[in-house]
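Content type compact mmCIF, C-alpha atoms and all ligand atoms, from the file my_file-v3.txt:
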# COMPACT_ATOMS: atom_id res chain seq x y z
CA MET A 1 19.31 24.46 41.21
CA ASN A 2 17.99 28.00 40.91
CA GLY A 3 19.15 28.16 37.30
CA LEU A 4 17.07 25.13 36.49
CA ARG A 5 13.96 26.66 38.01
CA THR A 6 13.93 29.35 35.38
CA TYR A 7 14.02 26.91 32.48
CA ALA A 8 11.41 27.63 29.83
CA ALA A 9 9.42 24.52 28.94
CA GLY A 10 8.52 21.23 30.62
CA PRO A 11 11.26 20.73 33.23
CA PRO A 12 10.60 23.64 35.65
CA THR A 13 7.49 22.02 37.05
CA VAL A 14 9.55 18.91 37.60
CA VAL A 15 12.49 20.74 39.12
CA THR A 16 10.37 22.52 41.68
CA ALA A 17 8.57 19.35 42.69
CA PRO A 18 8.66 18.86 46.38
CA GLY A 19 10.49 15.71 47.30
CA SER A 20 12.06 15.15 43.88
CA SER A 21 15.55 13.80 44.13
CA GLU A 22 18.54 15.28 42.33
CA HIS A 23 18.91 11.98 40.54
CA ALA A 24 15.38 12.13 39.12
CA LEU A 25 15.92 15.74 38.08
CA CYS A 26 19.04 14.80 36.18
CA ILE A 27 17.22 12.00 34.35
CA CYS A 28 14.40 14.39 33.48
CA LEU A 29 16.75 17.05 32.17
CA VAL A 30 18.81 14.60 30.13
CA THR A 31 15.67 12.99 28.65
CA PHE A 32 14.13 16.35 27.88
CA HIS A 33 17.23 17.66 26.12
CA LEU A 34 17.80 14.41 24.26
CA CYS A 35 14.23 14.47 22.87
CA PHE A 36 14.58 18.15 22.08
CA ALA A 37 17.95 17.78 20.34
CA MET A 38 16.82 14.82 18.20
CA PHE A 39 13.57 16.58 17.39
CA MET A 40 15.40 19.74 16.26
CA TRP A 41 18.00 17.77 14.30
CA SER A 42 15.35 15.82 12.34
CA TYR A 43 13.25 18.95 11.87
CA TRP A 44 16.27 20.84 10.54
CA ARG A 45 17.14 18.07 8.10
CA THR A 46 13.53 17.78 6.88
CA ILE A 47 13.42 21.50 6.20
CA PHE A 48 16.80 21.91 4.54
CA THR A 49 17.18 18.65 2.61
CA LYS A 50 15.99 18.88 -0.97
CA PRO A 51 13.46 16.12 -1.53
CA GLY A 52 15.11 15.17 -4.85
CA ASN A 53 14.42 16.12 -8.44
CA PRO A 54 14.53 13.95 -11.58
CA ALA A 55 17.92 13.55 -13.26
CA LYS A 56 18.54 15.24 -16.57
CA GLU A 57 18.17 11.91 -18.39
CA PHE A 58 14.41 12.28 -17.92
CA SER A 59 14.26 15.69 -19.60
CA LEU A 60 13.50 15.86 -23.29
CA THR A 61 16.36 16.93 -25.51
CA LYS A 62 15.97 20.26 -27.26
CA ALA A 63 15.12 18.54 -30.55
CA ASP A 64 12.55 16.24 -28.93
CA ARG A 65 11.02 19.11 -27.03
CA GLU A 66 10.65 21.26 -30.13
CA GLN A 67 9.14 18.35 -31.99
CA TYR A 68 6.78 17.62 -29.08
CA GLU A 69 5.62 21.23 -28.81
CA LYS A 70 5.20 21.60 -32.54
CA GLU A 71 3.01 18.54 -32.69
CA GLN A 72 -0.70 19.21 -32.14
CA ARG A 73 -2.05 15.67 -32.06
CA PRO A 74 -1.87 13.95 -28.64
CA GLU A 75 -1.18 10.58 -30.31
CA ALA A 76 1.85 11.93 -32.12
CA GLN A 77 3.08 13.58 -28.93
CA GLN A 78 2.76 10.25 -27.13
CA GLU A 79 4.83 8.57 -29.84
CA ILE A 80 7.63 11.04 -29.21
CA LEU A 81 7.45 10.43 -25.47
CA LYS A 82 7.36 6.67 -25.96
CA LYS A 83 10.51 6.84 -28.05
CA VAL A 84 12.32 8.72 -25.28
CA ALA A 85 10.86 6.57 -22.47
CA ARG A 86 12.14 3.42 -24.15
CA GLU A 87 15.59 4.29 -22.79
CA LEU A 88 14.32 5.00 -19.30
CA PRO A 89 13.34 2.74 -16.38
CA VAL A 90 9.72 3.86 -16.31
CA TYR A 91 7.12 1.26 -15.34
CA THR A 92 4.14 3.37 -14.37
CA CYS A 93 1.81 5.28 -16.66
CA THR A 94 -1.23 7.52 -16.55
CA ASP A 95 -4.75 6.20 -16.03
CA THR A 96 -5.14 5.99 -19.79
CA GLY A 97 -1.88 4.09 -20.24
CA ALA A 98 0.04 7.10 -21.58
CA ILE A 99 3.58 8.09 -20.64
CA ARG A 100 3.61 10.35 -17.55
CA TYR A 101 4.92 13.68 -18.78
CA CYS A 102 5.23 16.96 -16.90
CA ASP A 103 4.43 19.90 -19.17
CA ARG A 104 5.86 22.42 -16.75
CA CYS A 105 9.22 20.72 -16.10
CA ARG A 106 9.26 19.23 -19.61
CA LEU A 107 10.34 15.81 -18.51
CA ILE A 108 9.13 12.26 -18.34
CA LYS A 109 8.21 11.60 -14.75
CA PRO A 110 10.13 8.76 -13.12
CA ASP A 111 8.02 6.21 -11.23
CA ARG A 112 6.49 7.67 -8.04
CA CYS A 113 7.53 11.21 -9.05
CA HIS A 114 4.92 13.99 -8.99
CA HIS A 115 4.86 17.68 -9.76
CA CYS A 116 4.48 19.91 -6.70
CA SER A 117 2.55 23.05 -7.59
CA THR A 118 3.87 24.85 -4.50
CA CYS A 119 7.56 24.14 -5.23
CA ASN A 120 6.82 24.29 -8.98
CA THR A 121 9.05 21.32 -9.69
CA CYS A 122 8.84 17.56 -10.04
CA VAL A 123 9.73 15.74 -6.82
CA LEU A 124 11.07 12.19 -6.63
CA LYS A 125 8.82 9.79 -4.71
CA MET A 126 6.74 12.73 -3.67
CA ASP A 127 4.78 12.22 -0.49
CA HIS A 128 3.23 15.63 0.13
CA HIS A 129 4.11 19.29 0.42
CA CYS A 130 4.35 20.09 4.12
CA PRO A 131 3.70 23.69 5.22
CA TRP A 132 5.06 22.88 8.70
CA VAL A 133 8.53 22.33 7.25
CA ASN A 134 8.03 24.64 4.26
CA ASN A 135 9.35 21.90 2.02
CA CYS A 136 8.23 19.00 -0.05
CA VAL A 137 8.55 15.62 1.57
CA GLY A 138 9.99 13.27 -0.99
CA PHE A 139 12.60 10.60 -1.57
CA SER A 140 15.61 12.31 0.04
CA ASN A 141 13.99 13.69 3.18
CA TYR A 142 11.24 11.17 3.87
CA LYS A 143 13.28 9.36 6.53
CA PHE A 144 14.00 12.69 8.23
CA PHE A 145 10.30 13.54 8.17
CA ILE A 146 9.38 10.23 9.84
CA LEU A 147 12.04 10.79 12.52
CA PHE A 148 10.85 14.36 12.97
CA LEU A 149 7.37 13.00 13.69
CA ALA A 150 8.73 10.30 16.00
CA TYR A 151 10.86 12.66 18.10
CA SER A 152 8.20 15.34 18.25
CA VAL A 153 5.75 12.69 19.54
CA LEU A 154 8.29 11.72 22.22
CA TYR A 155 8.95 15.35 23.09
CA CYS A 156 5.26 16.18 23.48
CA LEU A 157 4.66 12.98 25.44
CA PHE A 158 7.46 13.82 27.84
CA ILE A 159 6.11 17.31 28.48
CA THR A 160 2.54 16.08 28.87
CA ALA A 161 3.60 13.38 31.32
CA THR A 162 5.75 15.65 33.46
CA VAL A 163 3.14 18.42 33.60
CA LEU A 164 0.20 16.13 34.27
CA ARG A 165 0.48 16.10 38.08
CA TYR A 166 0.55 19.92 38.16
CA PHE A 167 -2.33 20.02 35.73
CA ILE A 168 -4.33 17.95 38.21
CA LYS A 169 -3.22 20.25 41.05
CA PHE A 170 -4.48 23.19 39.05
CA TRP A 171 -8.01 21.75 39.05
CA THR A 172 -7.85 20.84 42.74
CA ASN A 173 -6.62 24.35 43.66
CA GLU A 174 -3.35 23.07 45.10
CA LEU A 175 -1.16 25.41 43.08
CA PRO A 176 -0.13 28.85 44.42
CA ASP A 177 -2.62 31.45 43.24
CA THR A 178 -0.42 33.31 40.74
CA HIS A 179 -0.59 33.92 37.02
CA ALA A 180 2.12 31.27 36.61
CA LYS A 181 -0.40 28.52 37.23
CA PHE A 182 -2.02 29.31 33.86
CA HIS A 183 1.29 28.41 32.21
CA VAL A 184 0.76 24.87 33.45
CA LEU A 185 -2.68 24.84 31.88
CA PHE A 186 -1.43 26.20 28.54
CA LEU A 187 1.61 23.92 28.45
CA PHE A 188 -0.44 20.82 29.14
CA PHE A 189 -3.10 21.56 26.49
CA VAL A 190 -0.61 22.46 23.76
CA ALA A 191 1.63 19.45 24.44
CA ALA A 192 -1.31 17.05 24.68
CA MET A 193 -2.95 18.41 21.53
CA PHE A 194 0.23 18.12 19.48
CA PHE A 195 0.93 14.70 20.95
CA ILE A 196 -2.43 13.34 19.77
CA SER A 197 -2.30 14.84 16.29
CA LEU A 198 1.37 13.95 15.72
CA LEU A 199 0.85 10.43 16.98
CA SER A 200 -1.96 9.96 14.43
CA LEU A 201 0.23 11.26 11.64
CA PHE A 202 3.26 9.25 12.77
CA SER A 203 1.20 6.04 12.95
CA TYR A 204 -0.17 6.68 9.50
CA HIS A 205 3.29 7.24 8.00
CA LEU A 206 4.65 4.12 9.66
CA TRP A 207 1.78 2.24 8.08
CA LEU A 208 2.71 3.78 4.73
CA VAL A 209 6.38 2.78 5.12
CA VAL A 210 5.43 -0.79 6.00
CA HIS A 211 3.24 -0.96 2.88
CA ASN A 212 5.75 0.98 0.75
CA ARG A 213 3.32 3.67 -0.32
CA SER A 214 3.52 7.42 -0.42
CA THR A 215 0.59 9.51 0.78
CA ILE A 216 -0.28 10.20 -2.85
CA GLU A 217 -0.20 6.48 -3.67
CA ALA A 218 -2.41 5.73 -0.66
CA PHE A 219 -5.07 7.98 -2.16
CA ARG A 220 -4.52 6.83 -5.73
CA ALA A 221 -2.87 3.49 -6.53
CA PRO A 222 0.08 3.69 -8.94
CA MET A 223 -0.93 2.70 -12.46
CA PHE A 224 1.17 0.07 -14.20
CA HIS A 225 0.69 -1.13 -17.74
CA SER A 226 -1.16 -4.12 -16.35
CA GLY A 227 -3.46 -1.88 -14.30
CA PRO A 228 -3.49 -0.10 -10.95
CA ASP A 229 -1.76 -1.86 -8.08
CA LYS A 230 -1.58 -0.23 -4.67
CA ASN A 231 0.98 -2.83 -3.59
CA GLY A 232 3.05 -2.59 -6.76
CA PHE A 233 6.15 -1.35 -4.91
CA SER A 234 5.71 -3.39 -1.76
CA MET A 235 8.43 -5.99 -1.30
CA GLY A 236 7.49 -7.20 2.17
CA VAL A 237 7.62 -5.43 5.54
CA ALA A 238 11.35 -5.89 6.22
CA LYS A 239 12.45 -4.79 2.75
CA ASN A 240 10.01 -1.88 2.75
CA LEU A 241 11.46 -0.62 6.03
CA THR A 242 14.97 -1.09 4.68
CA GLN A 243 14.18 0.98 1.60
CA VAL A 244 13.41 4.02 3.74
CA PHE A 245 15.68 3.54 6.75
CA GLY A 246 18.64 1.78 5.14
CA ASP A 247 20.26 -1.60 5.64
CA GLN A 248 22.23 -0.66 8.77
CA LYS A 249 19.94 -0.63 11.78
CA MET A 250 22.37 1.46 13.85
CA PHE A 251 21.47 4.46 11.66
CA TRP A 252 17.70 3.98 11.66
CA LEU A 253 17.07 6.43 14.49
CA LEU A 254 19.52 9.06 13.28
CA PRO A 255 18.52 11.70 10.71
CA VAL A 256 21.33 10.83 8.30
CA SER A 257 20.88 9.78 4.66
CA THR A 258 20.60 6.01 4.55
CA SER A 259 17.57 5.40 2.28
CA LEU A 260 18.31 2.86 -0.42
CA GLY A 261 18.19 3.60 -4.12
CA ASP A 262 18.42 6.71 -6.23
CA GLY A 263 14.78 7.83 -6.10
CA HIS A 264 14.29 7.18 -9.82
CA THR A 265 13.83 3.43 -9.86
CA PHE A 266 12.16 1.22 -7.30
CA PRO A 267 11.92 -2.54 -7.11
CA THR A 268 8.50 -3.72 -8.22
CA ARG A 269 6.88 -7.09 -8.01
CA LEU A 270 7.63 -7.75 -11.64
CA VAL A 271 7.87 -11.35 -12.70
CA SER A 272 9.11 -13.11 -15.80
CA ALA A 273 12.11 -10.86 -15.59
CA ASP A 274 15.29 -11.67 -17.38
CA PRO A 275 18.55 -11.67 -15.41
CA GLU A 276 19.03 -8.00 -16.20
CA GLN A 277 15.59 -7.07 -14.94
CA LEU A 278 14.85 -5.35 -11.70
CA PRO A 279 15.76 -7.71 -8.89
CA ALA A 280 13.34 -8.38 -6.09
CA ASP A 281 15.89 -7.43 -3.46
CA PRO A 282 15.98 -3.66 -3.00
CA GLN A 283 19.53 -3.80 -1.72
CA SER A 284 20.92 -5.59 -4.72
CA HIS A 285 18.75 -3.34 -6.83
CA CYS A 286 20.38 -0.38 -5.21
CA ARG A 287 23.85 -1.68 -5.80
CA ARG A 288 23.10 -2.36 -9.42
CA TYR A 289 21.19 0.73 -10.44
CA GLY A 290 21.93 3.52 -8.11
CA SER A 291 23.73 4.73 -5.11
CA VAL A 292 22.83 4.81 -1.46
CA GLY A 293 21.57 8.17 -0.35
CA GLY A 294 19.07 10.37 -2.04
CA ALA A 295 21.20 13.31 -2.93
CA SER A 296 23.39 11.42 -5.37
CA ALA A 297 21.00 11.72 -8.27
CA SER A 298 20.58 15.42 -7.88
CA ARG A 299 24.33 15.82 -7.80
CA GLY A 300 24.38 14.55 -11.37
CA GLN A 301 25.95 11.18 -10.71
CA LYS A 302 25.77 8.87 -13.71
CA LEU A 303 22.75 6.65 -13.39
CA HIS A 304 22.59 3.23 -14.95
CA PHE A 305 19.02 2.90 -16.05
CA GLN A 306 17.51 -0.28 -17.28
CA PRO A 307 16.15 0.29 -20.79
CA LEU A 308 12.43 -0.21 -20.87
CA GLY A 309 12.66 -2.20 -24.07
CA VAL A 310 14.26 -5.23 -22.45
CA ALA A 311 12.22 -5.16 -19.30
CA GLY A 312 9.35 -7.48 -18.62
CA ARG A 313 6.27 -5.55 -17.66
CA GLU A 314 3.97 -8.13 -16.19
CA LEU A 315 3.06 -7.60 -12.62
CA PHE A 316 2.63 -10.25 -10.04
CA ILE A 317 -0.96 -10.11 -8.86
CA PRO A 318 -0.92 -10.59 -5.12
CA SER A 319 -3.08 -13.33 -3.70
CA LEU A 320 -3.21 -11.57 -0.37
CA CYS A 321 -5.12 -8.35 -0.56
CA ASP A 322 -4.31 -5.67 1.93
CA SER A 323 -7.04 -5.78 4.50
CA ASN A 324 -6.16 -2.56 6.26
CA SER A 325 -8.84 0.03 6.32
CA VAL A 326 -7.58 2.92 4.24
CA LEU A 327 -10.68 4.86 5.14
CA MET A 328 -9.94 4.77 8.84
CA VAL A 329 -6.39 5.97 8.41
CA THR A 330 -7.48 8.54 5.87
CA ALA A 331 -9.90 9.99 8.40
CA LEU A 332 -7.12 10.13 10.97
CA VAL A 333 -4.63 11.82 8.71
CA MET A 334 -7.13 14.33 7.38
CA LEU A 335 -7.23 15.75 10.88
CA HIS A 336 -3.69 16.97 10.45
CA PRO A 337 -2.83 19.90 8.20
CA THR A 338 0.38 18.33 6.86
CA ALA A 339 -1.55 15.46 5.39
CA GLY A 340 -2.75 14.99 1.91
CA PRO A 341 -1.08 15.08 -1.49
ZN ZN B 1 7.04 18.96 -12.99
ZN ZN B 2 6.42 21.12 -2.69
Is it possible to give me this structure as structure tokens?
Amino acid sequence: MNGLRTYAAGPPTVVTAPGSSEHALCICLVTFHLCFAMFMWSYWRTIFTKPGNPAKEFSLTKADREQYEKEQRPEAQQEILKKVARELPVYTCTDTGAIRYCDRCRLIKPDRCHHCSTCNTCVLKMDHHCPWVNNCVGFSNYKFFILFLAYSVLYCLFITATVLRYFIKFWTNELPDTHAKFHVLFLFFVAAMFFISLLSLFSYHLWLVVHNRSTIEAFRAPMFHSGPDKNGFSMGVAKNLTQVFGDQKMFWLLPVSTSLGDGHTFPTRLVSADPEQLPADPQSHCRRYGSVGGASASRGQKLHFQPLGVAGRELFIPSLCDSNSVLMVTALVMLHPTAGP
């Protein structure tokens, strides 16, 4: 067991515990490495998965772009954009009711897409730009980000719990008087601090998933032609979870691509829809309009968009208002540097 005593992080304090059985040590080591492996896997995938960019169908053609840039009057520019948007499944607009257009990427923004000034590109279902993963968190890597938070919470909790008894011994002067005892102090404080902040962020993002909102949408409700609606994309708790984690529960805890849809179109609570309109079921929606897995759109797969012209635009006004306190969660998330649009 000497090899185990030299291990770097949480386990050594456990391994050297007087009276600990070999069986308990094995469980501790397996748990520790399992948390660590899942944490690293999700972290890796969050960092290296592109969050997803709009398909080329949303870019203006050369002729349209030249015409748009030549035009000085905003009304005339909007007419050009409206003409193009008629062929696209775009249901949200700006606060003034105009087509959402990105001047820098020169494209019509799909619903829930935003321009990231750090990445200098438009990101599908953008949540936020996260400096901790040096990447945007968007449609294709949102599930990985949530799992990264979940496993890092578990990892920090495990370390905090296993170091706690030695942390107490430190204060009661029961530890040998060497410099090593300060490692216990440092380890406990770092693990506990990250545990608290990550748990706040993880809880907040779970709340967002359940309500089918991005961080940006939690701060500013998406604007539809009938007005702003913070619950415009919410299809119920089960379907909201399925949209992010996929329809096969066995993959929910693994950082593999299982999110439903293509990142360009999302089921909304539209009513008075004709049979070709967006269905209420995100899974059937996915089958009809896009593919499973976020990367498909960016690989240039043909997308079958529903022309705006034939789509009903009325929104169902929910009778049940969301009673959750956004302010409370906002305060929590503001404590963490990865938060915020
Ligand atoms: Zn852009
Ligand atoms: Zn970014």
Name all residues at most 10 Å from segment 245-254 of chain A (count only C-alpha atoms; drop same-chain ones fewer than 3 positions away) and give them as an MDAnalysis selection string. chainID A and resid 38 41:42 142:144 146:147 150:151 209 238:242 257:261 282:283 292:293
Restricting the calculation to only C-alpha atoms and all ligand atoms, which member of A:Lys125, A:His183, A:Lys230, A:Arg104 is positioned closest to ligand ZN 1 (chain B)? A:Arg104
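Among A:Gln72, A:Ser152, A:Asn231, A:Thr162, the residue with the shortest atom-to-atom distance to Glu217 of chain A, counting all atoms listed in the file, is A:Asn231.
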Please extract the residues at most 6 Å from ligand ZN 2 (chain B), counting all atoms listed in the file, and provide them as a list of chain:residue names, using the chain letters and residue numbers of this document. A:Cys116, A:Thr118, A:Cys119, A:His129, A:Asn135, A:Cys136
What's the separation between atom CA of Val123 of chain A and atom CA of Ser203 of chain A, in Å to one decimal place?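 Spanning atom CA of Val123 of chain A to atom CA of Ser203 of chain A is a straight-line distance of 23.6 Å.
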Using all atoms listed in the file, what are the residues with an atom within 10 Å of ligand ZN 1 (chain B), set out as a PyMOL selection string? chain A and resi 53-54+101-109+113-117+119-123
Counting all atoms listed in the file, which residues sit no farther than 10 Å from the position (13.6, 11.1, -29.1) in the file's frame? I'd like them as a list in words.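 With a cut-off of 10 Å, the residues come to Leu60, Thr61, Lys62, Ala63, Asp64, Arg65, Gln67, Tyr68, Glu79, Ile80, Leu81, Lys82, Lys83, Val84, Ala85, Arg86 and Glu87 of chain A.
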Would you fill the gaps in segment 36-65 of chain A so it has N, CA and C atoms, then print it as a short mmCIF file (atom, residue, chain, number, x, y, z; two decimals), keeping the file's coordinate frame?
data_model
loop_
_atom_site.label_atom_id
_atom_site.label_comp_id
_atom_site.auth_asym_id
_atom_site.auth_seq_id
_atom_site.Cartn_x
_atom_site.Cartn_y
_atom_site.Cartn_z
N PHE A 36 14.59 16.85 22.74
CA PHE A 36 14.58 18.15 22.08
C PHE A 36 15.65 18.22 20.99
N ALA A 37 16.85 17.72 21.30
CA ALA A 37 17.95 17.78 20.34
C ALA A 37 17.64 16.92 19.10
N MET A 38 17.13 15.70 19.32
CA MET A 38 16.82 14.82 18.20
C MET A 38 15.67 15.39 17.37
N PHE A 39 14.71 15.96 18.07
CA PHE A 39 13.57 16.58 17.39
C PHE A 39 14.05 17.74 16.50
N MET A 40 14.91 18.59 17.03
CA MET A 40 15.40 19.74 16.26
C MET A 40 16.29 19.30 15.09
N TRP A 41 17.10 18.28 15.34
CA TRP A 41 18.00 17.77 14.30
C TRP A 41 17.18 17.22 13.11
N SER A 42 16.17 16.39 13.42
CA SER A 42 15.35 15.82 12.34
C SER A 42 14.54 16.91 11.64
N TYR A 43 14.05 17.84 12.44
CA TYR A 43 13.25 18.95 11.87
C TYR A 43 14.11 19.76 10.91
N TRP A 44 15.31 20.08 11.35
CA TRP A 44 16.27 20.84 10.54
C TRP A 44 16.55 20.13 9.22
N ARG A 45 16.80 18.83 9.32
CA ARG A 45 17.14 18.07 8.10
C ARG A 45 15.93 17.94 7.16
N THR A 46 14.73 17.85 7.73
CA THR A 46 13.53 17.78 6.88
C THR A 46 13.35 19.10 6.13
N ILE A 47 13.62 20.19 6.82
CA ILE A 47 13.42 21.50 6.20
C ILE A 47 14.47 21.76 5.12
N PHE A 48 15.73 21.46 5.42
CA PHE A 48 16.80 21.91 4.54
C PHE A 48 17.33 20.85 3.57
N THR A 49 16.75 19.65 3.59
CA THR A 49 17.18 18.65 2.61
C THR A 49 16.24 18.71 1.41
N LYS A 50 16.83 18.88 0.23
CA LYS A 50 15.99 18.88 -0.97
C LYS A 50 15.38 17.50 -1.15
N PRO A 51 14.10 17.44 -1.46
CA PRO A 51 13.46 16.12 -1.53
C PRO A 51 13.94 15.28 -2.72
N GLY A 52 14.58 15.90 -3.69
CA GLY A 52 15.11 15.17 -4.85
C GLY A 52 14.33 15.47 -6.11
N ASN A 53 15.05 15.82 -7.16
CA ASN A 53 14.42 16.12 -8.44
C ASN A 53 14.92 15.13 -9.49
N PRO A 54 14.13 14.92 -10.56
CA PRO A 54 14.53 13.95 -11.58
C PRO A 54 15.86 14.34 -12.25
N ALA A 55 16.64 13.33 -12.58
CA ALA A 55 17.92 13.55 -13.26
C ALA A 55 17.68 14.05 -14.68
N LYS A 56 18.70 14.61 -15.26
CA LYS A 56 18.54 15.24 -16.57
C LYS A 56 18.21 14.22 -17.66
N GLU A 57 18.50 12.94 -17.39
CA GLU A 57 18.17 11.91 -18.39
C GLU A 57 16.67 11.85 -18.68
N PHE A 58 15.86 12.34 -17.74
CA PHE A 58 14.41 12.28 -17.92
C PHE A 58 13.85 13.50 -18.66
N SER A 59 14.70 14.51 -18.86
CA SER A 59 14.26 15.69 -19.60
C SER A 59 14.34 15.40 -21.10
N LEU A 60 13.44 16.02 -21.84
CA LEU A 60 13.50 15.86 -23.29
C LEU A 60 14.67 16.66 -23.83
N THR A 61 15.30 16.15 -24.86
CA THR A 61 16.36 16.93 -25.51
C THR A 61 15.71 18.10 -26.23
N LYS A 62 16.52 19.07 -26.62
CA LYS A 62 15.97 20.26 -27.26
C LYS A 62 15.19 19.89 -28.53
N ALA A 63 15.77 18.95 -29.29
CA ALA A 63 15.12 18.54 -30.55
C ALA A 63 13.78 17.86 -30.27
N ASP A 64 13.79 16.95 -29.29
CA ASP A 64 12.55 16.24 -28.93
C ASP A 64 11.50 17.21 -28.41
N ARG A 65 11.96 18.16 -27.62
CA ARG A 65 11.02 19.11 -27.03
C ARG A 65 10.37 19.97 -28.10
#
